[in-house]
$ cat coords16.txt   # compact mmCIF, C-alpha atoms
# COMPACT_ATOMS: atom_id res chain seq x y z
CA MET C 571 16.84 21.81 -16.54
CA ARG C 572 18.46 22.45 -13.15
CA ASP C 573 21.69 20.98 -11.74
CA ALA C 574 22.48 21.06 -8.03
CA ALA C 575 25.20 19.76 -5.74
CA LEU C 576 24.50 16.28 -4.40
CA HIS C 577 23.75 16.01 -0.69
CA PRO C 578 23.17 12.74 1.19
CA SER C 579 19.83 12.30 2.86
CA GLY C 580 18.85 10.27 5.92
CA ALA C 581 17.11 6.92 5.73
CA VAL C 582 13.60 6.19 6.88
CA CYS C 583 12.48 2.68 7.82
CA ALA C 584 9.03 1.23 7.29
CA TYR C 585 7.77 -2.15 8.42
CA LEU C 586 5.31 -4.36 6.54
CA ARG C 587 3.83 -7.58 7.86
CA THR C 588 1.60 -10.11 6.18
CA VAL C 589 -1.91 -10.70 7.48
CA SER C 590 -1.73 -14.12 9.02
CA GLY C 591 -0.82 -16.09 12.05
CA PRO C 592 1.99 -15.47 14.50
CA SER C 593 5.22 -13.89 13.33
CA SER C 594 8.21 -16.18 13.36
CA SER C 595 11.23 -15.16 15.39
CA LYS C 596 13.40 -17.48 13.30
CA LYS C 597 12.88 -15.92 9.88
CA ARG C 598 13.71 -12.36 8.95
CA SER C 599 14.56 -10.98 5.54
CA ILE C 600 15.65 -7.49 4.62
CA LEU C 601 14.64 -6.21 1.20
CA PRO C 602 16.67 -3.15 0.18
CA SER C 603 14.86 -0.68 -2.05
CA PHE C 604 15.78 2.90 -2.77
CA PHE C 605 12.76 5.18 -2.66
CA PRO C 606 14.17 8.73 -2.71
CA LEU C 607 12.65 11.03 -0.15
CA LEU C 608 10.25 8.38 1.14
CA VAL C 609 11.61 4.99 2.17
CA SER C 610 15.10 3.64 1.75
CA VAL C 611 14.76 0.29 3.51
CA VAL C 612 11.70 -1.94 3.80
CA VAL C 613 11.86 -4.71 6.39
CA LEU C 614 9.52 -7.63 5.79
CA VAL C 615 8.82 -9.81 8.80
CA PRO C 616 7.16 -12.96 7.44
CA ALA C 617 5.05 -15.33 9.45
CA SER C 618 5.97 -19.01 9.73
CA ALA C 619 3.07 -19.60 7.34
CA HIS C 620 0.88 -16.98 5.76
CA PRO C 621 -2.27 -16.85 3.65
CA GLN C 622 -1.27 -17.56 0.07
CA CYS C 623 -2.85 -19.22 -2.95
CA LEU C 624 -1.34 -21.88 -5.19
CA ASP C 625 -0.47 -19.21 -7.78
CA PHE C 626 1.34 -17.28 -4.99
CA ALA C 627 -1.25 -14.50 -5.12
CA PRO C 628 -2.91 -13.33 -1.88
CA PRO C 629 -6.36 -14.68 -0.96
CA PHE C 630 -9.36 -12.55 -1.82
CA LYS C 631 -13.13 -12.25 -1.51
CA PRO C 632 -14.73 -13.59 -4.72
CA LEU C 633 -16.90 -11.21 -6.69
CA TRP C 634 -19.61 -13.85 -7.06
CA HIS C 635 -21.14 -16.49 -4.81
CA LEU C 636 -19.38 -19.87 -4.80
CA GLU C 637 -21.81 -22.70 -5.43
CA PHE C 638 -19.54 -25.59 -4.42
CA CYS C 639 -16.75 -24.63 -1.99
CA THR C 640 -19.06 -22.27 -0.14
CA GLN C 641 -16.96 -22.21 3.04
CA TYR C 642 -14.39 -20.07 1.21
CA GLU C 643 -16.69 -17.55 -0.47
CA GLN C 644 -15.90 -14.83 2.07
CA PHE C 645 -12.12 -15.15 1.80
CA GLY C 646 -10.08 -17.71 -0.08
CA CYS C 647 -8.30 -18.59 -3.31
CA CYS C 648 -11.13 -19.49 -5.70
CA ASP C 649 -13.23 -17.37 -7.97
CA GLN C 650 -16.46 -18.69 -9.48
CA LYS C 651 -14.62 -20.23 -12.45
CA MET C 652 -12.24 -22.23 -10.26
CA ASP C 653 -15.09 -23.25 -7.98
CA ASN C 654 -16.99 -24.61 -10.99
CA MET C 655 -13.93 -26.52 -12.21
CA ILE C 656 -13.51 -28.22 -8.83
CA ALA C 657 -17.21 -29.08 -8.80
CA GLU C 658 -16.95 -30.65 -12.27
CA ARG C 659 -14.00 -32.82 -11.19
CA TYR C 660 -15.89 -33.81 -8.05
CA TRP C 661 -19.01 -34.94 -9.92
CA ASP C 662 -16.88 -36.81 -12.47
CA ILE C 663 -15.44 -38.84 -9.59
CA ILE C 664 -18.82 -39.36 -7.92
CA ASP C 665 -20.23 -40.69 -11.21
CA GLN C 666 -17.64 -43.48 -11.12
CA LEU C 667 -18.58 -44.67 -7.62
CA ASP C 668 -21.30 -47.10 -6.67
CA THR C 669 -24.05 -45.96 -4.33
CA ARG C 670 -22.34 -47.28 -1.20
CA GLY C 671 -19.01 -45.66 -2.07
CA GLU C 672 -20.73 -42.38 -2.82
CA ASP C 673 -22.63 -42.35 0.48
CA LEU C 674 -19.46 -43.12 2.44
CA CYS C 675 -17.15 -40.66 0.78
CA GLU C 676 -18.95 -37.73 -0.83
CA ASP C 677 -18.64 -35.24 2.05
CA LEU C 678 -15.01 -36.04 2.87
CA LEU C 679 -14.05 -35.96 -0.80
CA LYS C 680 -15.58 -32.50 -1.18
CA GLU C 681 -13.67 -31.22 1.86
CA VAL C 682 -10.34 -32.44 0.47
CA MET C 683 -10.92 -31.13 -3.05
CA CYS C 684 -12.00 -27.70 -1.79
CA GLN C 685 -8.65 -27.15 -0.07
CA GLU C 686 -7.45 -25.60 -3.34
CA CYS C 687 -9.72 -22.71 -2.30
CA SER C 688 -8.30 -22.44 1.23
CA PRO C 689 -6.54 -19.15 2.04
CA TYR C 690 -3.67 -21.40 3.19
CA ALA C 691 -3.65 -23.46 -0.04
CA ALA C 692 0.02 -22.77 -0.80
CA HIS C 693 1.01 -24.16 2.58
CA LEU C 694 -1.40 -27.12 2.50
CA PHE C 695 0.03 -28.21 -0.87
CA ASP C 696 3.66 -27.37 0.00
CA ALA C 697 3.82 -24.86 -2.86
CA GLU C 698 5.93 -22.50 -0.72
CA ASP C 699 8.91 -24.88 -0.69
CA PRO C 700 10.94 -24.41 -3.91
CA TYR C 701 12.83 -27.66 -3.29
CA THR C 702 9.81 -29.97 -3.32
CA PRO C 703 7.08 -30.49 -5.94
CA VAL C 704 3.59 -29.21 -5.23
CA ARG C 705 1.52 -31.89 -3.51
CA GLU C 706 -1.29 -33.54 -5.43
CA LEU C 707 -3.21 -33.98 -2.18
CA PRO C 708 -3.36 -31.38 0.60
CA GLY C 709 -1.67 -32.01 3.92
CA LEU C 710 -4.16 -33.86 6.12
CA CYS C 711 -4.04 -34.10 9.91
CA SER C 712 -3.66 -37.66 11.18
CA GLY C 713 -7.17 -38.07 12.63
CA PHE C 714 -8.92 -36.70 9.56
CA CYS C 715 -6.58 -38.64 7.27
CA SER C 716 -7.40 -41.95 8.97
CA LYS C 717 -11.10 -41.22 8.51
CA PHE C 718 -10.56 -40.22 4.88
CA HIS C 719 -8.52 -43.37 4.21
CA GLY C 720 -11.18 -45.60 5.74
CA LYS C 721 -14.04 -44.13 3.72
CA CYS C 722 -12.35 -42.71 0.61
CA GLY C 723 -9.22 -44.78 0.05
CA HIS C 724 -10.79 -46.17 -3.10
CA VAL C 725 -11.12 -42.69 -4.69
CA VAL C 726 -7.47 -41.64 -4.33
CA LYS C 727 -6.77 -43.12 -7.77
CA TYR C 728 -9.12 -40.47 -9.21
CA LEU C 729 -7.42 -37.61 -7.34
CA THR C 730 -3.81 -38.24 -8.33
CA GLU C 731 -1.69 -39.98 -10.95
CA ASN C 732 1.05 -40.57 -8.39
CA ARG C 733 1.43 -44.35 -8.33
CA LEU C 734 2.99 -44.35 -4.88
CA LEU C 735 0.01 -42.50 -3.40
CA GLN C 736 -2.38 -44.78 -5.29
CA ASP C 737 -0.64 -47.90 -4.00
CA THR C 738 -0.39 -46.75 -0.38
CA SER C 739 -4.06 -45.74 -0.36
CA GLN C 740 -4.86 -49.44 -0.68
CA ARG C 741 -2.73 -50.34 2.35
CA ASP C 742 -3.07 -49.45 6.01
CA ALA C 743 -3.99 -45.93 7.07
CA SER C 744 -0.70 -45.19 8.86
CA THR C 745 1.35 -45.75 5.68
CA PHE C 746 -0.93 -43.58 3.56
CA CYS C 747 -1.26 -40.82 6.16
CA SER C 748 2.49 -40.62 6.67
CA MET C 749 2.73 -39.60 3.00
CA VAL C 750 0.09 -36.86 3.13
CA ASP C 751 1.00 -35.56 6.57
CA LEU C 752 2.39 -32.08 7.21
CA GLN C 753 5.26 -31.69 9.63
CA ASP C 754 3.60 -28.70 11.27
CA GLN C 755 0.28 -29.94 12.60
CA ASP C 756 -1.02 -26.39 13.06
CA TYR C 757 -1.31 -26.05 9.29
CA CYS C 758 -2.67 -29.43 8.20
CA TYR C 759 -6.37 -29.79 7.38
CA PRO C 760 -8.65 -29.37 9.31
CA ASN C 761 -6.48 -27.94 12.12
CA VAL C 762 -5.68 -24.91 9.97
CA LEU C 763 -9.37 -23.94 10.08
CA GLN C 764 -9.74 -24.47 13.82
CA SER C 765 -6.86 -22.27 14.96
CA SER C 766 -8.18 -18.90 16.14
CA ASN C 767 -4.61 -17.62 16.04
CA LEU C 768 -4.46 -18.25 12.29
CA ASN C 769 -8.00 -17.31 11.32
CA SER C 770 -9.13 -14.47 13.57
CA ASN C 771 -7.70 -11.72 11.32
CA LEU C 772 -8.03 -13.33 7.89
CA GLY C 773 -9.17 -10.83 5.28
CA ARG C 774 -8.75 -7.83 7.56
CA VAL C 775 -6.22 -5.03 7.20
CA ALA C 776 -5.04 -4.39 10.74
CA GLU C 777 -2.88 -1.81 12.45
CA ASP C 778 -0.56 -2.56 15.34
CA PRO C 779 -0.03 -0.21 18.32
CA ARG C 780 2.77 1.59 16.44
CA GLY C 781 0.52 2.32 13.48
CA CYS C 782 2.19 -0.20 11.14
CA LEU C 783 -0.22 -1.76 8.67
CA GLN C 784 -0.30 -5.52 8.19
CA LEU C 785 -0.41 -6.24 4.47
CA CYS C 786 -0.38 -9.08 1.97
CA LEU C 787 2.18 -8.53 -0.78
CA THR C 788 1.85 -9.56 -4.41
CA GLU C 789 4.49 -9.43 -7.14
CA VAL C 790 3.74 -7.10 -10.05
CA ALA C 791 7.12 -7.08 -11.84
CA ASN C 792 10.46 -8.87 -11.72
CA ASN C 793 13.89 -9.07 -13.40
CA LEU C 794 14.50 -5.39 -12.65
CA ARG C 795 17.83 -3.80 -11.71
CA ASN C 796 17.40 -1.81 -8.51
CA PRO C 797 13.87 -0.47 -9.15
CA VAL C 798 13.52 2.89 -7.41
CA LEU C 799 9.94 3.92 -8.12
CA MET C 800 6.62 2.88 -9.61
CA LEU C 801 3.99 5.40 -10.66
CA HIS C 802 1.18 5.97 -13.12
CA SER C 803 0.75 8.84 -15.55
CA GLY C 804 -2.75 9.79 -14.39
CA ASP C 805 -4.00 9.97 -17.97
CA GLY C 806 -6.58 7.18 -17.86
CA THR C 807 -4.41 4.70 -19.80
CA HIS C 808 -3.82 2.51 -16.70
CA ARG C 809 -0.12 2.28 -17.56
CA MET C 810 2.43 1.87 -14.78
CA PHE C 811 5.97 3.22 -15.10
CA ILE C 812 8.83 1.53 -13.23
CA ALA C 813 12.24 3.20 -13.10
CA GLU C 814 15.55 1.45 -12.57
CA GLN C 815 18.44 3.11 -10.77
CA VAL C 816 20.66 2.59 -13.83
CA GLY C 817 18.51 5.00 -15.86
CA PHE C 818 15.79 3.01 -17.61
CA VAL C 819 12.05 3.67 -17.24
CA TRP C 820 9.76 0.83 -18.38
CA VAL C 821 6.07 0.85 -19.30
CA TYR C 822 3.79 -1.85 -17.88
CA LEU C 823 0.33 -2.23 -19.39
CA ARG C 824 -2.90 -2.95 -17.58
CA ASP C 825 -2.54 -6.71 -18.14
CA GLY C 826 0.87 -6.71 -16.42
CA SER C 827 2.95 -7.07 -19.59
CA ARG C 828 6.01 -4.88 -20.17
CA LEU C 829 6.70 -3.08 -23.45
CA GLU C 830 9.98 -4.10 -25.06
CA THR C 831 11.15 -0.55 -25.72
CA PRO C 832 11.85 1.55 -22.59
CA PHE C 833 9.92 4.76 -22.12
CA LEU C 834 13.17 6.50 -21.24
CA ASP C 835 16.83 5.46 -21.49
CA LEU C 836 19.24 7.72 -19.60
CA SER C 837 21.76 4.96 -18.87
CA GLY C 838 24.43 6.93 -20.74
CA GLU C 839 23.81 10.07 -18.68
CA VAL C 840 23.08 8.75 -15.22
CA MET C 841 25.93 8.43 -12.76
CA THR C 842 25.73 5.16 -10.86
CA THR C 843 27.92 2.20 -9.96
CA GLY C 844 27.52 -1.43 -9.03
CA TRP C 845 28.63 -0.76 -5.46
CA LEU C 846 26.28 -2.12 -2.83
CA GLY C 847 24.47 0.78 -1.18
CA ASP C 848 25.37 3.40 -3.80
CA GLU C 849 22.33 5.69 -3.87
CA ARG C 850 23.38 7.67 -6.94
CA GLY C 851 21.56 7.13 -10.20
CA PHE C 852 18.06 7.75 -11.53
CA LEU C 853 16.27 8.94 -8.41
CA GLY C 854 12.83 10.34 -9.19
CA MET C 855 10.09 11.02 -11.71
CA ALA C 856 6.71 12.78 -11.70
CA PHE C 857 4.06 13.39 -14.35
CA HIS C 858 2.45 16.76 -14.97
CA PRO C 859 -1.18 16.86 -13.73
CA LYS C 860 -2.23 17.51 -17.35
CA HIS C 861 0.16 14.96 -18.86
CA ARG C 862 -2.61 13.62 -21.08
CA GLU C 863 -2.86 16.99 -22.82
CA ASN C 864 0.73 18.26 -22.73
CA GLY C 865 2.86 15.09 -22.42
CA ARG C 866 5.10 16.74 -19.81
CA PHE C 867 6.94 14.90 -17.03
CA PHE C 868 9.86 15.63 -14.71
CA ILE C 869 12.93 13.59 -13.77
CA TYR C 870 15.66 13.73 -11.14
CA TYR C 871 19.01 11.93 -11.47
CA SER C 872 22.72 11.98 -10.59
CA ILE C 873 25.33 13.21 -13.07
CA LEU C 874 29.09 13.68 -13.17
CA VAL C 875 30.28 17.04 -14.55
CA ASP C 876 33.76 17.34 -16.07
CA SER C 877 34.60 13.86 -14.79
CA LYS C 878 34.92 15.10 -11.20
CA LEU C 879 31.97 17.13 -9.90
CA GLU C 880 28.92 15.18 -8.73
CA LYS C 881 25.57 16.90 -9.14
CA VAL C 882 21.88 16.07 -9.34
CA ARG C 883 19.87 17.21 -12.32
CA VAL C 884 16.16 18.06 -12.36
CA SER C 885 14.73 18.17 -15.88
CA GLU C 886 11.46 18.55 -17.71
CA MET C 887 10.78 16.31 -20.69
CA LYS C 888 7.88 15.37 -22.95
CA ALA C 889 6.48 12.16 -24.34
CA SER C 890 6.92 11.68 -28.08
CA GLU C 891 4.18 13.19 -30.24
CA HIS C 892 4.19 9.99 -32.30
CA ASP C 893 4.20 7.41 -29.48
CA VAL C 894 3.01 8.13 -25.92
CA ASN C 895 4.97 5.09 -24.69
CA VAL C 896 8.33 6.65 -25.58
CA ALA C 897 9.87 9.88 -24.27
CA ASP C 898 11.21 12.45 -26.72
CA PRO C 899 15.00 12.31 -26.10
CA ASN C 900 15.44 15.83 -27.48
CA SER C 901 12.89 17.43 -25.15
CA GLU C 902 15.07 17.63 -22.01

$ encode --input "coords16.txt" --output "structure tokens"
Amino acid sequence: MRDAALHPSGAVCAYLRTVSGPSSSKKRSILPSFFPLLVSVVVLVPASAHPQCLDFAPPFKPLWHLEFCTQYEQFGCCDQKMDNMIAERYWDIIDQLDTRGEDLCEDLLKEVMCQECSPYAAHLFDAEDPYTPVRELPGLCSGFCSKFHGKCGHVVKYLTENRLLQDTSQRDASTFCSMVDLQDQDYCYPNVLQSSNLNSNLGRVAEDPRGCLQLCLTEVANNLRNPVLMLHSGDGTHRMFIAEQVGFVWVYLRDGSRLETPFLDLSGEVMTTGWLGDERGFLGMAFHPKHRENGRFFIYYSILVDSKLEKVRVSEMKASEHDVNVADPNSE
């Protein structure tokens, strides 16, 4: 164990952008994170709309060929299972139509139902707005909507249980289309597919002239108090360890679940406060290259000596011999 005087370090800024259409000059959010020695502030510049699925995960390339919504098999929001589910719903509806209704509507109906697989599904169904419910029908551009209403108005009752949508589908096209319209016509269907600005870089990881990567972000953990690092133990268990500035280290399993008991609890030893911007606390952790064999790992955190002298402590510890998901508190 080593203690050393605490010295402030400079901040480094990194910029992440989502792969999508044009960046919005109106929206900027700053996400403070404290990554000791690497990054202290991450600035996320979101686009006015970005590729995102209905479950808020980023779009992806399916592992297997899509038999039904084939236009999204290179990059979209459906795997083979979801594609099959949409196909089953589609054929259930088709079975309830007479021959004339089927001939009129089958292609348009398929287009509308497959928008759940669109890389812009979250935007098409208004899932990004926390103040409105997710749409039961995707946002349709006025021209396409009028065509859909004229040929498929009679199938809306099979697509939604919303009585208002069902009733308006039996009226004039303008009333129905005003309900399924999107305010931003760039992102309604099918305009969203025809915009080269939105689709030219879909599925590609790009680099701007400054060398900043454009990335899609996905949430892996939440309800954490100032998380400062995330790392794996390199022992083949596929566990991820997330440390909080207040002194807790949590174990996340391969399926994303978190163990109830923390791997390490130094909350009684770590010096930290609730002050905004206070960088003291649990600051770093690293596993020994042979952690699987020896259980060793190393930690770095702030302490207060004799109630007045601030120092940082670097310690070696070991995982418990009885439970690899808990550190031995007596090994420091």

$ residues_around --input "coords16.txt" --residues "Leu707 of chain C" --least-positions-apart "2" --cutoff "7 Å" --atoms "all atoms listed in the file" --output "PyMOL selection string"
chain C and resi 695+705+709+750

$ closest_residue --input "coords16.txt" --among "C:Val821, C:Leu853, C:Ala657, C:Leu834" --to "Lys888 of chain C" --atoms "all atoms listed in the file"
C:Leu834

$ residues_around --input "coords16.txt" --residues "Arg850 of chain C" --least-positions-apart "3" --cutoff "8 Å" --atoms "only C-alpha atoms" --output "ChimeraX atom specification"
/C:815,841-843,853,871-872

$ residues_around --input "coords16.txt" --residues "Val682 of chain C" --least-positions-apart "4" --cutoff "10 Å" --atoms "only C-alpha atoms" --output "short mmCIF file (atom, residue, chain, number, x, y, z; two decimals) with C-alpha atoms, in the coordinates of the input"
data_model
loop_
_atom_site.label_atom_id
_atom_site.label_comp_id
_atom_site.auth_asym_id
_atom_site.auth_seq_id
_atom_site.Cartn_x
_atom_site.Cartn_y
_atom_site.Cartn_z
CA ASP C 677 -18.64 -35.24 2.05
CA LEU C 678 -15.01 -36.04 2.87
CA GLU C 686 -7.45 -25.60 -3.34
CA LEU C 707 -3.21 -33.98 -2.18
CA PRO C 708 -3.36 -31.38 0.60
CA GLY C 709 -1.67 -32.01 3.92
CA LEU C 710 -4.16 -33.86 6.12
CA CYS C 715 -6.58 -38.64 7.27
CA PHE C 718 -10.56 -40.22 4.88
CA LEU C 729 -7.42 -37.61 -7.34
CA TYR C 759 -6.37 -29.79 7.38
CA PRO C 760 -8.65 -29.37 9.31
#

$ residues_around --input "coords16.txt" --residues "Val790 of chain C" --least-positions-apart "3" --cutoff "12 Å" --atoms "all atoms listed in the file" --output "PyMOL selection string"
chain C and resi 626-627+787+793-794+800+810-812+822-828

$ atom_distance --input "coords16.txt" --atom1 "atom CA of Asp898 of chain C" --atom2 "atom CA of Phe867 of chain C"
10.9 Å

$ closest_residue --input "coords16.txt" --among "C:Glu698, C:Met749, C:Gly854, C:Ser837" --to "Leu801 of chain C" --atoms "all atoms listed in the file"
C:Gly854

$ closest_residue --input "coords16.txt" --among "C:Phe833, C:Tyr690, C:Trp661, C:Trp634" --to "Cys647 of chain C" --atoms "all atoms listed in the file"
C:Tyr690

$ closest_residue --input "coords16.txt" --among "C:Asp876, C:Glu681, C:Asp625, C:Glu731" --to "Ala697 of chain C" --atoms "all atoms listed in the file"
C:Asp625

$ closest_residue --input "coords16.txt" --among "C:Leu879, C:Cys687, C:Leu768, C:Cys747" --to "Ser716 of chain C" --atoms "only C-alpha atoms"
C:Cys747

$ decode --input "coords16.txt" --residues "segment 711-722 of chain C" --atoms "C-alpha atoms" --output "compact mmCIF listing (two decimals), in the first residue's frame"
# COMPACT_ATOMS: atom_id res chain seq x y z
CA CYS C 711 -45.61 11.46 -45.28
CA SER C 712 -48.74 13.08 -46.68
CA GLY C 713 -48.50 11.71 -50.23
CA PHE C 714 -47.84 8.14 -49.12
CA CYS C 715 -50.47 8.42 -46.39
CA SER C 716 -53.16 9.47 -48.86
CA LYS C 717 -52.30 6.48 -51.03
CA PHE C 718 -52.30 4.16 -48.01
CA HIS C 719 -55.66 5.53 -46.84
CA GLY C 720 -57.21 5.05 -50.26
CA LYS C 721 -56.10 1.44 -50.63
CA CYS C 722 -55.65 0.24 -47.03
